[in-house]
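Heads up: the structure comes next, in structure tokens.
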Amino acid sequence: MGFKTYLLKKVLIYFSVLIATMTILYIFTFPILQQVIISTINVDVSRFEEALIRHSHNLNMTQVNIEVEKYREYLISAYGLNKPIVEKYFIQMYNLLRFNFGDAYFLQAPSGSRKVSAIIAYYLPNTILLFTTGTIIVIIAGTFIGLLAANTKIWDKIVAVIAIVHSSLPTWWFGFILLAAFAYSIKLFPPGGMVSIPPPKNPFDYGLSVLDHMVLPLLALFIVGVGGFAYVVRSLVASILKEDFVITAKARGLPNSTILYKHVLRAASPAIATQAILAVAGSLGGSVTTEVIFEWPGVGLLTYWAIGQNDLPVILGVTYVLTIVLVAGLFLGELVYGLLDPRIKVGE
Amino acid sequence: MSERHVVGFSTYLKEFLSSKLGLAGLAILIVLLVFTGIALSIPSKIYASWNNPSAWKEYPEHVPPAWMSIFYPGMYFTTEKLLPTANSSVAYGKNVHVIIITYQFNWTKKLAPYNVYFIISYNTTPIEEIIYWTKPDGYTLQISVPSDVYNTPFDLTSIEGSIVSYISSVTGKTPSLINSTVLSSALFNSPKSDFTVTEQGKYLVKIEIVSTSPIKITASRLLLLGNSYGLFGTDYFGRPLDLGILLGLPNALEIGALTSAVSVIVGVIVGGISGYLGGNKDSAIQWVTLVFLALPALPFLVAVSFVTRPSLVLEALLIAFLYWPFYAIIARSVALSIKSNAFVEADKLLGIPSYRVFFTHFMPRLIPMTVAYMALGVPGGILLAQSLAFLGIAPANIVTWGGILNSAYVHQALVNGWWWWVIFPGIMIVIVSLPFVFIGFAIEKVALGER
């Protein structure tokens with residue numbers, strides 16, 4: 001089995017996982033999904049009616065009504081509302097997989113679009129920017145600390161402590177505290193948002209301003225997140241340290257650092273990479289509360305606004321998109337594992 | 001490895017009790033359980049009134065904890081509750097009845113009270129209700145009580161009209177901002193200093209009620225509200241945070257424990273069977289695990305809570321529904337390592353039925369891990385439930401720390417410097433999570449050895 005077969009197998013598995021996960025989500029959110037579809041149809045129909053009245057003066061009111069009803073019937077069958085449940089499922093799932101989540105009730109993208117997919121497309125990059133950067137910092141530092149912990153007693157103790165911090169401290173509350181300390185008490189960093197207002201015109205200044213706004217959220221993500229990752233790396237490395245090839249390397253008299261960074265890290269890298277991608281994908285789901293505290297304009301803050309206004313289409317859209325992102329992340333993790341693990345590359 | 005697994009339960013217990021981390025966790029947990037008992041003895045009426053701002057008028061709004069007076073002596077004080085020193089009733093003929101309630105107190109503090117709260121209730125509808133507020137210098141301010149607060153407790157903002165005209169008669173201008181502090185300083189500070197310095201000495205407050213029928217006073221009290229309250233201060237509506245934090249304790253523990261128990265048991269059984277069976281069945285179970293793993297927890301719970309407002313138990317089950325795959329993955333790898341032992345092979349060769357192999361060799365070896373992760377899994381459930389509450393999604397009629405923090409966020413506690421509103425509920429989330437992490441780490445070390 002070469003890498004190509006591996007790839008094909010994984011593509012099939014993850015596509016089926018995507019469909020299954022979306023189906024679970026579909027079942028759990030079925031009532032509100034139907035509600036959202038009905039409201040989207042109503043909006044579309046009234047828009048159609050307006051256009052019809054404005055542009056076709058030769059039609060009288062009854063004819064307009066007939067046309068409108070025809071259009072409504074068309075939409076209802078297009079969304080599968082009048083179809084039996086199985087057909088309905090296939091039609092609606094097809095729509096969801098094409099990111100067709102309907103129109104938002106109240107919220108809109110800065111471009112003025114009411115399409116949920118357009119709104120999410122505007123906010124998602126901000127979330128990815130913040131949380132991918134944060135998780136990458138956590139992964140690099142966590143790997144390093146985890147390696148140290150597997151080798152030195154003091155760092156082992158430190159990892160135990162930061163792992164405890166990781167599993168008992170809510171990131172968003174810690175963000176609150178950081179804001180109180182560094183944004184309100186000593187005014188070192190801005191108290192929220194993504195750029196200063198008004199945004200700087202010069203792209204370089206703009207970038208600097210974004211970085212300035214990223215410091216506190218990144219700090220919160222780092223302090224809360226690094227312990228968990230370091231703990232995972234430490235256990236991975238500790239189990240590898242017991243293996244024969246490490247003992248052989250020690251017997252050959254290789255220095256400890258060479259063994260650790262060349263042999264052990266190499267052997268651990270597929271597993272670490274998988275964990276890393278899992279962490280990146282997982283962090284996006286946990287972004288909601290952290291973004292609210294720092295008023296970072298990503299999908300998390302969008303969800304919070306949507307909750308406040310009962311904007312169901314947006315809530316559904318964000319959930320479906322984040323699920324797709326998570327499945328894609330898991331799939332990427334598997335691919336990286338396949339690329340890094342020599343056994344799969346050679347075809348064992 | 002295999003030797004560690006032969007040791008029995010009592011050895012585990014002995015080793016656990018010798019671990020400092022585990023003991024510390026146990027001690028915190030016992031303290032928390034005592035407080036949970038206290039919280040559960042509070043009548044449900046108080047739980048229900050938490051979200052009703054008018055129930056908390058007797059408390060000063062957004063004031064820091066009472067122990068602030070240790071750090072700033074003389075700057076912070078708590079509420080003084082006064083009982084009337086005298087009640088005198090006079091009847092003028094048949095139709096005019098007058099009752100005068102007198103309060104007398106000595107004010108020696110450098111600051112005026114945060115607010116003054118009048119509690120008077122009686123059995124009739126009065127014609128007139130007038131407060132005579134006599135300051136130590138002898139000046140008497142006459143305040144007529146508006147009819148809409150007759151027979152209900154009221155504070156200074158309800159009678160601001162007379163006080164504001166008094167302020168403008170002294171200072172020559174109307175105050176731009178009228179709040180309880182401004183009104184209270186008019187009553188307690190000397191007019192010579194433009195109401196910036198308190199007049200210390202004896203105050204005399206007379207409340208005169210005139211009615212056409214005989215008056216019977218059922219309750220009368222005068223509250224001089226402090227500018228600090230309790231252990232953790234109060235919030236924007238005057239709700240005491242120490243009470244709120246206590247009320248939030250039982251549901252935090254319940255949701256954490258329930259979530260963890262269900263998800264770990266399901267996860268260990270699924271993962272254990274998966275690792276034990278191997279082959280195609282293992283792949284199929286792993287696929288199912290992956291499907292559930294791919295559901296993003298927080299957004300999923302937000303979306304589902306719009307379908308049904310979940311109760312506490314349902315919310316815990318939903319969280320467990322999302323968390324079991326993590327334990328299934330761990331249990332599967334443990335089961336795989338058990339399977340590689342020679343005694344499993346031997347049993348199979350001897351023709352012992354597979355379910356018996358599973359129950360005699362796999363389950364006992366999975367139990368220590370199950371117990372450890374049941375403890376370690378509690379904080380995850382607590383954190384997720386509090387995060388949901390922070391987003392405004394929580395079962396009805398319970399008080400959650402996440403909900404308290406959400407109202408702190410909504411009322412901009414940080415901008416206004418109300419740090420106690422943010423710090424204490426969050427610290428409680430950490431404190432409730434810690435014992436489980438400690439105990440879990442200790443069990444993990446004892447039962448599984450160094451991982």
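Ordering of the structure tokens sets the chain letters (A, B, ...); residue numbers start at 1 within each chain; ligands are numbered from 1 in the order shown.
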
Worksheet item: Using only C-alpha atoms, which chain B residues lie at most 9 Å away from chain A, written as a PyMOL selection string?
Response: chain B and resi 287-288+290-300+302-304+306-307+376+379-380+382-384+386-388+390-393+405+409+414-415+417+419+422-423+426-427+429-434+437-438+441+450-451

Discussion item. DSSP on the backbone, strand (DSSP E or B) only: what residues of segment 97-226 of chain B does that give? Format it as a ChimeraX atom specification.
Written reply: /B:97-107,115-122,128-134,140-144,154-155,189,198,201-211,217-225

Could the residues in this selection be saved with C-alpha atoms as a CSV table (one decimal), in the first residue's frame?
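For reference, out34.csv as written:
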chain,number,residue,atom,x,y,z
B,97,HIS,CA,-55.0,60.4,62.2
B,98,VAL,CA,-51.3,61.2,62.4
B,99,ILE,CA,-48.5,58.9,63.2
B,100,ILE,CA,-44.9,60.0,63.6
B,101,ILE,CA,-42.0,57.5,63.3
B,102,THR,CA,-38.8,58.8,64.8
B,103,TYR,CA,-35.3,57.5,64.0
B,104,GLN,CA,-32.2,58.8,65.7
B,105,PHE,CA,-28.7,58.0,64.9
B,106,ASN,CA,-25.1,59.2,65.3
B,107,TRP,CA,-23.2,59.5,62.0
B,115,ASN,CA,-28.1,55.5,49.7
B,116,VAL,CA,-30.9,55.7,52.2
B,117,TYR,CA,-33.6,53.1,52.1
B,118,PHE,CA,-36.9,53.7,53.8
B,119,ILE,CA,-39.1,50.7,54.7
B,120,ILE,CA,-42.5,51.7,56.0
B,121,SER,CA,-45.6,49.6,55.6
B,122,TYR,CA,-49.1,50.2,57.1
B,128,GLU,CA,-49.8,62.7,53.1
B,129,GLU,CA,-46.4,61.3,54.0
B,130,ILE,CA,-43.6,63.7,54.9
B,131,ILE,CA,-40.0,63.1,56.0
B,132,TYR,CA,-38.4,65.7,58.3
B,133,TRP,CA,-34.6,65.2,58.0
B,134,THR,CA,-32.8,67.1,60.8
B,140,THR,CA,-34.5,70.5,59.0
B,141,LEU,CA,-35.2,69.5,55.4
B,142,GLN,CA,-38.8,68.7,54.6
B,143,ILE,CA,-39.4,66.0,52.0
B,144,SER,CA,-42.8,65.0,50.9
B,154,PHE,CA,-38.3,53.4,48.6
B,155,ASP,CA,-34.9,54.9,48.3
B,189,ASN,CA,-22.8,66.7,54.0
B,198,THR,CA,-19.9,65.2,56.1
B,201,GLY,CA,-23.2,64.1,64.9
B,202,LYS,CA,-26.7,63.3,65.8
B,203,TYR,CA,-29.3,63.0,63.0
B,204,LEU,CA,-33.0,63.0,63.6
B,205,VAL,CA,-35.4,61.6,61.0
B,206,LYS,CA,-39.1,61.9,61.5
B,207,ILE,CA,-41.6,60.4,59.2
B,208,GLU,CA,-45.1,61.8,59.5
B,209,ILE,CA,-48.0,59.9,58.0
B,210,VAL,CA,-51.5,61.5,57.8
B,211,SER,CA,-54.5,59.4,57.1
B,217,ILE,CA,-47.6,50.4,61.3
B,218,THR,CA,-46.6,46.8,60.3
B,219,ALA,CA,-43.0,47.4,59.6
B,220,SER,CA,-40.6,50.3,59.7
B,221,ARG,CA,-36.9,50.4,59.2
B,222,LEU,CA,-34.3,52.9,58.0
B,223,LEU,CA,-31.4,51.5,56.1
B,224,LEU,CA,-28.2,53.6,55.7
B,225,LEU,CA,-26.7,51.6,52.8

Worksheet item: Within 12 Å of Ser69 of chain B, counting only C-alpha atoms, which residues qualify if same-chain residues fewer than 6 places away don't, as a ChimeraX atom specification?
Response: /B:75-78,226-231

Include N, CA, C and O atoms and write out the residues we just selected as a PDB file, in the first residue's frame.
ATOM      1  N   MET B  75     -12.679  54.363  54.745  1.00  0.00           N
ATOM      2  CA  MET B  75     -13.248  54.651  53.438  1.00  0.00           C
ATOM      3  C   MET B  75     -14.427  53.736  53.113  1.00  0.00           C
ATOM      4  O   MET B  75     -15.251  54.057  52.273  1.00  0.00           O
ATOM      5  N   TYR B  76     -14.457  52.571  53.736  1.00  0.00           N
ATOM      6  CA  TYR B  76     -15.522  51.616  53.411  1.00  0.00           C
ATOM      7  C   TYR B  76     -16.283  51.221  54.658  1.00  0.00           C
ATOM      8  O   TYR B  76     -15.695  51.040  55.723  1.00  0.00           O
ATOM      9  N   PHE B  77     -17.577  51.111  54.550  1.00  0.00           N
ATOM     10  CA  PHE B  77     -18.407  50.699  55.670  1.00  0.00           C
ATOM     11  C   PHE B  77     -19.590  49.933  55.095  1.00  0.00           C
ATOM     12  O   PHE B  77     -19.856  49.979  53.891  1.00  0.00           O
ATOM     13  N   THR B  78     -20.293  49.227  55.963  1.00  0.00           N
ATOM     14  CA  THR B  78     -21.420  48.421  55.484  1.00  0.00           C
ATOM     15  C   THR B  78     -22.746  49.040  55.938  1.00  0.00           C
ATOM     16  O   THR B  78     -22.771  50.009  56.691  1.00  0.00           O
ATOM     17  N   GLY B 226     -24.385  50.872  52.990  1.00  0.00           N
ATOM     18  CA  GLY B 226     -22.940  51.023  53.013  1.00  0.00           C
ATOM     19  C   GLY B 226     -22.374  51.111  51.599  1.00  0.00           C
ATOM     20  O   GLY B 226     -23.071  50.830  50.621  1.00  0.00           O
ATOM     21  N   ASN B 227     -21.120  51.500  51.500  1.00  0.00           N
ATOM     22  CA  ASN B 227     -20.489  51.505  50.182  1.00  0.00           C
ATOM     23  C   ASN B 227     -19.631  50.267  49.979  1.00  0.00           C
ATOM     24  O   ASN B 227     -18.732  50.231  49.156  1.00  0.00           O
ATOM     25  N   SER B 228     -19.913  49.227  50.757  1.00  0.00           N
ATOM     26  CA  SER B 228     -19.266  47.930  50.543  1.00  0.00           C
ATOM     27  C   SER B 228     -20.225  46.887  51.064  1.00  0.00           C
ATOM     28  O   SER B 228     -21.098  47.199  51.881  1.00  0.00           O
ATOM     29  N   TYR B 229     -20.094  45.666  50.559  1.00  0.00           N
ATOM     30  CA  TYR B 229     -21.018  44.638  51.020  1.00  0.00           C
ATOM     31  C   TYR B 229     -20.391  43.259  50.962  1.00  0.00           C
ATOM     32  O   TYR B 229     -19.810  42.876  49.941  1.00  0.00           O
ATOM     33  N   GLY B 230     -20.555  42.533  52.027  1.00  0.00           N
ATOM     34  CA  GLY B 230     -20.277  41.094  52.061  1.00  0.00           C
ATOM     35  C   GLY B 230     -18.864  40.697  51.668  1.00  0.00           C
ATOM     36  O   GLY B 230     -17.933  41.489  51.704  1.00  0.00           O
ATOM     37  N   LEU B 231     -18.766  39.437  51.289  1.00  0.00           N
ATOM     38  CA  LEU B 231     -17.457  38.860  50.985  1.00  0.00           C
ATOM     39  C   LEU B 231     -16.991  39.251  49.589  1.00  0.00           C
ATOM     40  O   LEU B 231     -15.808  39.494  49.357  1.00  0.00           O
TER      41      LEU B 231
END

Fill in: 7 Å contact set for segment 119-124 of chain A, only C-alpha atoms, chain neighbours under 5 positions out, as a list of chain:residue names
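Here the qualifying residues turn out to be A:Gln108, A:Ala109, A:Pro297, A:Gly298, A:Val299, A:Val318.
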
Item to complete: Write out as a list of chain:residue names each polymer residue whose atoms come within 10 Å of Glu67 of chain A, counting only C-alpha atoms; drop sequence neighbours fewer than 6 positions from it.
Response: A:Phe48, A:Glu49, A:Leu52, A:Leu59, A:Met61, A:Glu73

Discussion item. So that I can see what lies close to segment 88-102 of chain A, please list as a ChimeraX atom specification the residues with an atom at most 7 Å from it, counting only C-alpha atoms and leaving out residues fewer than 2 positions away in the same chain.
Written reply: /A:37,40,79-81,83-86,104,115-117,313,317

Writer output for current selection, N, CA, C and O atoms, as a PDB file, in the first residue's frame:
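Wrote it out as selection.pdb, contents follow:
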ATOM      1  N   ILE A  37     -35.476  27.890   6.621  1.00  0.00           N
ATOM      2  CA  ILE A  37     -35.780  27.748   5.194  1.00  0.00           C
ATOM      3  C   ILE A  37     -37.081  28.481   4.862  1.00  0.00           C
ATOM      4  O   ILE A  37     -37.160  29.210   3.866  1.00  0.00           O
ATOM      5  N   THR A  40     -36.438  32.134   4.743  1.00  0.00           N
ATOM      6  CA  THR A  40     -35.680  32.483   3.543  1.00  0.00           C
ATOM      7  C   THR A  40     -36.595  32.512   2.323  1.00  0.00           C
ATOM      8  O   THR A  40     -36.525  33.422   1.488  1.00  0.00           O
ATOM      9  N   TYR A  79     -36.452  23.643  -2.120  1.00  0.00           N
ATOM     10  CA  TYR A  79     -35.875  23.397  -0.802  1.00  0.00           C
ATOM     11  C   TYR A  79     -36.366  22.081  -0.213  1.00  0.00           C
ATOM     12  O   TYR A  79     -36.017  21.746   0.924  1.00  0.00           O
ATOM     13  N   GLY A  80     -37.224  21.386  -0.946  1.00  0.00           N
ATOM     14  CA  GLY A  80     -37.654  20.059  -0.504  1.00  0.00           C
ATOM     15  C   GLY A  80     -38.655  20.070   0.627  1.00  0.00           C
ATOM     16  O   GLY A  80     -38.861  19.047   1.279  1.00  0.00           O
ATOM     17  N   LEU A  81     -39.323  21.201   0.870  1.00  0.00           N
ATOM     18  CA  LEU A  81     -40.225  21.264   2.020  1.00  0.00           C
ATOM     19  C   LEU A  81     -41.446  20.357   1.855  1.00  0.00           C
ATOM     20  O   LEU A  81     -41.977  19.842   2.821  1.00  0.00           O
ATOM     21  N   LYS A  83     -41.498  17.598   0.109  1.00  0.00           N
ATOM     22  CA  LYS A  83     -41.072  16.264  -0.295  1.00  0.00           C
ATOM     23  C   LYS A  83     -41.082  15.314   0.905  1.00  0.00           C
ATOM     24  O   LYS A  83     -41.040  15.765   2.057  1.00  0.00           O
ATOM     25  N   PRO A  84     -41.128  14.004   0.650  1.00  0.00           N
ATOM     26  CA  PRO A  84     -40.988  13.060   1.759  1.00  0.00           C
ATOM     27  C   PRO A  84     -39.620  13.221   2.413  1.00  0.00           C
ATOM     28  O   PRO A  84     -38.674  13.727   1.803  1.00  0.00           O
ATOM     29  N   ILE A  85     -39.548  12.746   3.656  1.00  0.00           N
ATOM     30  CA  ILE A  85     -38.401  13.061   4.528  1.00  0.00           C
ATOM     31  C   ILE A  85     -37.054  12.704   3.905  1.00  0.00           C
ATOM     32  O   ILE A  85     -36.089  13.457   4.010  1.00  0.00           O
ATOM     33  N   VAL A  86     -36.984  11.558   3.225  1.00  0.00           N
ATOM     34  CA  VAL A  86     -35.684  11.132   2.684  1.00  0.00           C
ATOM     35  C   VAL A  86     -35.228  12.085   1.588  1.00  0.00           C
ATOM     36  O   VAL A  86     -34.085  12.560   1.571  1.00  0.00           O
ATOM     37  N   ALA A 104     -29.753  35.796   6.579  1.00  0.00           N
ATOM     38  CA  ALA A 104     -29.807  36.127   8.000  1.00  0.00           C
ATOM     39  C   ALA A 104     -31.062  36.938   8.297  1.00  0.00           C
ATOM     40  O   ALA A 104     -31.564  37.650   7.425  1.00  0.00           O
ATOM     41  N   LYS A 115     -26.793  37.261   2.857  1.00  0.00           N
ATOM     42  CA  LYS A 115     -26.502  35.833   2.729  1.00  0.00           C
ATOM     43  C   LYS A 115     -25.618  35.383   3.889  1.00  0.00           C
ATOM     44  O   LYS A 115     -24.572  35.978   4.154  1.00  0.00           O
ATOM     45  N   VAL A 116     -26.059  34.329   4.571  1.00  0.00           N
ATOM     46  CA  VAL A 116     -25.290  33.847   5.710  1.00  0.00           C
ATOM     47  C   VAL A 116     -23.879  33.451   5.285  1.00  0.00           C
ATOM     48  O   VAL A 116     -22.898  33.754   5.956  1.00  0.00           O
ATOM     49  N   SER A 117     -23.781  32.809   4.098  1.00  0.00           N
ATOM     50  CA  SER A 117     -22.452  32.379   3.654  1.00  0.00           C
ATOM     51  C   SER A 117     -21.538  33.582   3.428  1.00  0.00           C
ATOM     52  O   SER A 117     -20.354  33.531   3.741  1.00  0.00           O
ATOM     53  N   PRO A 313     -30.449  31.645  11.346  1.00  0.00           N
ATOM     54  CA  PRO A 313     -29.661  31.216  10.177  1.00  0.00           C
ATOM     55  C   PRO A 313     -28.162  31.380  10.396  1.00  0.00           C
ATOM     56  O   PRO A 313     -27.379  30.511   9.994  1.00  0.00           O
ATOM     57  N   GLY A 317     -25.491  28.465  10.385  1.00  0.00           N
ATOM     58  CA  GLY A 317     -24.418  28.565   9.393  1.00  0.00           C
ATOM     59  C   GLY A 317     -23.053  28.409  10.036  1.00  0.00           C
ATOM     60  O   GLY A 317     -22.223  27.633   9.562  1.00  0.00           O
TER      61      GLY A 317
END

Worksheet item: When DSSP works through the backbone of this structure, what residues of segment 46-83 of chain B end up as helix (DSSP H, G or I), shown as a list in words?
Response: Ile46, Tyr47, Ala48, Ser49, Pro53, Ser54, Ala55, Trp56, Met68, Ser69, Ile70 and Phe71 of chain B

Could you write out the selected residues, including N, CA, C and O atoms, as an mmCIF file, in the first residue's frame?
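Full text of selection27.cif as output:
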data_model
loop_
_atom_site.group_PDB
_atom_site.id
_atom_site.type_symbol
_atom_site.label_atom_id
_atom_site.label_comp_id
_atom_site.auth_asym_id
_atom_site.auth_seq_id
_atom_site.Cartn_x
_atom_site.Cartn_y
_atom_site.Cartn_z
ATOM 1 N N ILE B 46 -35.388 32.057 46.622
ATOM 2 C CA ILE B 46 -34.245 32.957 46.442
ATOM 3 C C ILE B 46 -33.562 32.682 45.105
ATOM 4 O O ILE B 46 -33.147 33.604 44.405
ATOM 5 N N TYR B 47 -33.494 31.401 44.729
ATOM 6 C CA TYR B 47 -32.928 31.071 43.421
ATOM 7 C C TYR B 47 -33.728 31.768 42.323
ATOM 8 O O TYR B 47 -33.182 32.324 41.378
ATOM 9 N N ALA B 48 -35.058 31.712 42.466
ATOM 10 C CA ALA B 48 -35.919 32.266 41.425
ATOM 11 C C ALA B 48 -35.834 33.788 41.390
ATOM 12 O O ALA B 48 -35.991 34.406 40.342
ATOM 13 N N SER B 49 -35.581 34.410 42.563
ATOM 14 C CA SER B 49 -35.590 35.871 42.587
ATOM 15 C C SER B 49 -34.290 36.464 42.065
ATOM 16 O O SER B 49 -34.188 37.675 41.900
ATOM 17 N N PRO B 53 -34.482 41.978 39.267
ATOM 18 C CA PRO B 53 -33.690 43.062 39.847
ATOM 19 C C PRO B 53 -34.392 43.777 41.003
ATOM 20 O O PRO B 53 -33.744 44.217 41.947
ATOM 21 N N SER B 54 -35.729 43.840 40.997
ATOM 22 C CA SER B 54 -36.409 44.612 42.036
ATOM 23 C C SER B 54 -36.343 43.925 43.395
ATOM 24 O O SER B 54 -36.648 44.534 44.419
ATOM 25 N N ALA B 55 -35.934 42.645 43.418
ATOM 26 C CA ALA B 55 -35.855 41.936 44.687
ATOM 27 C C ALA B 55 -34.620 42.336 45.493
ATOM 28 O O ALA B 55 -34.475 41.945 46.639
ATOM 29 N N TRP B 56 -33.731 43.109 44.885
ATOM 30 C CA TRP B 56 -32.438 43.367 45.533
ATOM 31 C C TRP B 56 -32.231 44.841 45.828
ATOM 32 O O TRP B 56 -31.119 45.331 45.885
ATOM 33 N N MET B 68 -12.682 45.458 52.036
ATOM 34 C CA MET B 68 -11.868 46.549 51.495
ATOM 35 C C MET B 68 -11.497 47.537 52.595
ATOM 36 O O MET B 68 -10.508 48.255 52.494
ATOM 37 N N SER B 69 -12.319 47.569 53.685
ATOM 38 C CA SER B 69 -12.039 48.521 54.766
ATOM 39 C C SER B 69 -10.737 48.190 55.485
ATOM 40 O O SER B 69 -10.163 49.047 56.147
ATOM 41 N N ILE B 70 -10.272 46.946 55.350
ATOM 42 C CA ILE B 70 -8.987 46.597 55.956
ATOM 43 C C ILE B 70 -7.863 47.362 55.260
ATOM 44 O O ILE B 70 -6.940 47.869 55.880
ATOM 45 N N PHE B 71 -7.989 47.464 53.931
ATOM 46 C CA PHE B 71 -6.934 48.128 53.167
ATOM 47 C C PHE B 71 -7.118 49.648 53.147
ATOM 48 O O PHE B 71 -6.163 50.387 53.050
#

Fill in: Best match for closeness to Asp341 of chain A among A:Thr62, A:Phe229, A:Ile272, A:Pro125, counting only C-alpha atoms
A:Ile272

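Across the structure, atom CA of Asp137 of chain B and atom CA of Ile167 of chain B are spaced 16.6 Å apart.
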
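Taking atom CA of Ile269 of chain B as the reference point, atom CA of Thr370 of chain B is found at 9.6 Å.
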
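Note that the spacing between atom CA of Gly402 of chain B and atom CA of Asp311 of chain A amounts to 21.7 Å.
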
Spatial neighbours of Met194 of chain A, 9 Å, only C-alpha atoms, chain gap at least 2 places, as a short mmCIF file (atom, residue, chain, number, x, y, z; two decimals) with all heavy atoms, in the first residue's frame:
data_model
loop_
_atom_site.label_atom_id
_atom_site.label_comp_id
_atom_site.auth_asym_id
_atom_site.auth_seq_id
_atom_site.Cartn_x
_atom_site.Cartn_y
_atom_site.Cartn_z
N ASN A 126 -10.79 36.34 9.98
CA ASN A 126 -10.30 36.96 11.21
C ASN A 126 -10.11 35.92 12.30
O ASN A 126 -9.11 35.93 13.03
CB ASN A 126 -11.28 38.02 11.70
CG ASN A 126 -11.40 39.18 10.74
OD1 ASN A 126 -10.55 39.33 9.85
ND2 ASN A 126 -12.44 39.97 10.88
N GLY A 192 -9.71 45.87 23.11
CA GLY A 192 -10.53 44.99 22.28
C GLY A 192 -10.57 45.47 20.85
O GLY A 192 -10.01 46.51 20.51
N SER A 196 -7.27 49.74 15.33
CA SER A 196 -7.71 50.97 15.98
C SER A 196 -8.72 51.67 15.07
O SER A 196 -8.79 51.41 13.87
CB SER A 196 -6.51 51.87 16.26
OG SER A 196 -5.66 51.89 15.14
N SER A 209 -1.14 47.75 13.79
CA SER A 209 -2.29 47.94 14.66
C SER A 209 -2.97 46.60 14.96
O SER A 209 -3.36 46.33 16.10
CB SER A 209 -3.27 48.91 13.99
OG SER A 209 -4.45 48.98 14.72
N VAL A 210 -3.09 45.74 13.92
CA VAL A 210 -3.68 44.43 14.13
C VAL A 210 -2.84 43.62 15.12
O VAL A 210 -3.36 42.99 16.04
CB VAL A 210 -3.83 43.67 12.79
CG1 VAL A 210 -4.25 42.23 13.03
CG2 VAL A 210 -4.85 44.36 11.90
N LEU A 211 -1.51 43.68 14.93
CA LEU A 211 -0.62 42.96 15.85
C LEU A 211 -0.81 43.44 17.28
O LEU A 211 -0.88 42.64 18.21
CB LEU A 211 0.84 43.17 15.43
CG LEU A 211 1.38 42.23 14.37
CD1 LEU A 211 2.85 42.52 14.12
CD2 LEU A 211 1.20 40.78 14.80
N ASP A 212 -0.91 44.76 17.44
CA ASP A 212 -1.09 45.35 18.76
C ASP A 212 -2.37 44.81 19.41
O ASP A 212 -2.39 44.48 20.60
CB ASP A 212 -1.18 46.87 18.60
CG ASP A 212 -1.11 47.58 19.93
OD1 ASP A 212 -0.47 47.03 20.84
OD2 ASP A 212 -1.68 48.68 20.06
N HIS A 213 -3.42 44.67 18.59
CA HIS A 213 -4.68 44.16 19.12
C HIS A 213 -4.64 42.66 19.38
O HIS A 213 -5.48 42.13 20.08
CB HIS A 213 -5.83 44.48 18.15
CG HIS A 213 -6.27 45.91 18.22
ND1 HIS A 213 -5.56 46.92 17.62
CD2 HIS A 213 -7.32 46.50 18.81
CE1 HIS A 213 -6.16 48.07 17.84
NE2 HIS A 213 -7.25 47.85 18.56
N MET A 214 -3.67 41.98 18.73
CA MET A 214 -3.60 40.53 18.89
C MET A 214 -2.84 40.10 20.14
O MET A 214 -2.96 38.95 20.57
CB MET A 214 -2.94 39.89 17.66
CG MET A 214 -3.89 39.62 16.51
SD MET A 214 -2.99 39.14 15.03
CE MET A 214 -2.74 37.41 15.33
N PHE A 294 -12.62 39.73 23.80
CA PHE A 294 -11.69 40.66 23.16
C PHE A 294 -12.34 41.42 22.02
O PHE A 294 -11.67 42.15 21.31
CB PHE A 294 -10.45 39.91 22.67
CG PHE A 294 -9.58 39.41 23.79
CD1 PHE A 294 -9.58 38.08 24.14
CD2 PHE A 294 -8.79 40.28 24.50
CE1 PHE A 294 -8.79 37.61 25.18
CE2 PHE A 294 -8.00 39.83 25.53
CZ PHE A 294 -8.00 38.49 25.87
N GLU A 295 -13.63 41.22 21.83
CA GLU A 295 -14.37 41.86 20.75
C GLU A 295 -13.66 41.72 19.41
O GLU A 295 -13.60 42.64 18.60
CB GLU A 295 -14.66 43.33 21.10
CG GLU A 295 -15.76 43.33 22.14
CD GLU A 295 -16.10 44.69 22.70
OE1 GLU A 295 -15.64 45.68 22.14
OE2 GLU A 295 -16.83 44.72 23.69
N TRP A 296 -13.11 40.54 19.21
CA TRP A 296 -12.40 40.24 17.97
C TRP A 296 -13.46 39.88 16.91
O TRP A 296 -14.24 38.96 17.10
CB TRP A 296 -11.45 39.06 18.20
CG TRP A 296 -10.60 38.74 17.03
CD1 TRP A 296 -10.87 37.82 16.06
CD2 TRP A 296 -9.36 39.33 16.69
NE1 TRP A 296 -9.88 37.80 15.15
CE2 TRP A 296 -8.93 38.72 15.49
CE3 TRP A 296 -8.56 40.33 17.26
CZ2 TRP A 296 -7.73 39.07 14.87
CZ3 TRP A 296 -7.37 40.67 16.64
CH2 TRP A 296 -6.98 40.05 15.46
N PRO A 297 -13.47 40.60 15.78
CA PRO A 297 -14.58 40.41 14.84
C PRO A 297 -14.46 39.13 14.03
O PRO A 297 -14.23 39.15 12.82
CB PRO A 297 -14.48 41.64 13.94
CG PRO A 297 -13.04 42.03 14.01
CD PRO A 297 -12.53 41.64 15.36
#

Worksheet item: Pick the closest to Ala257 of chain B from B:Ala316, B:Ala396, B:Ala442, B:Val344: which is it, counting only C-alpha atoms?
Response: B:Ala316
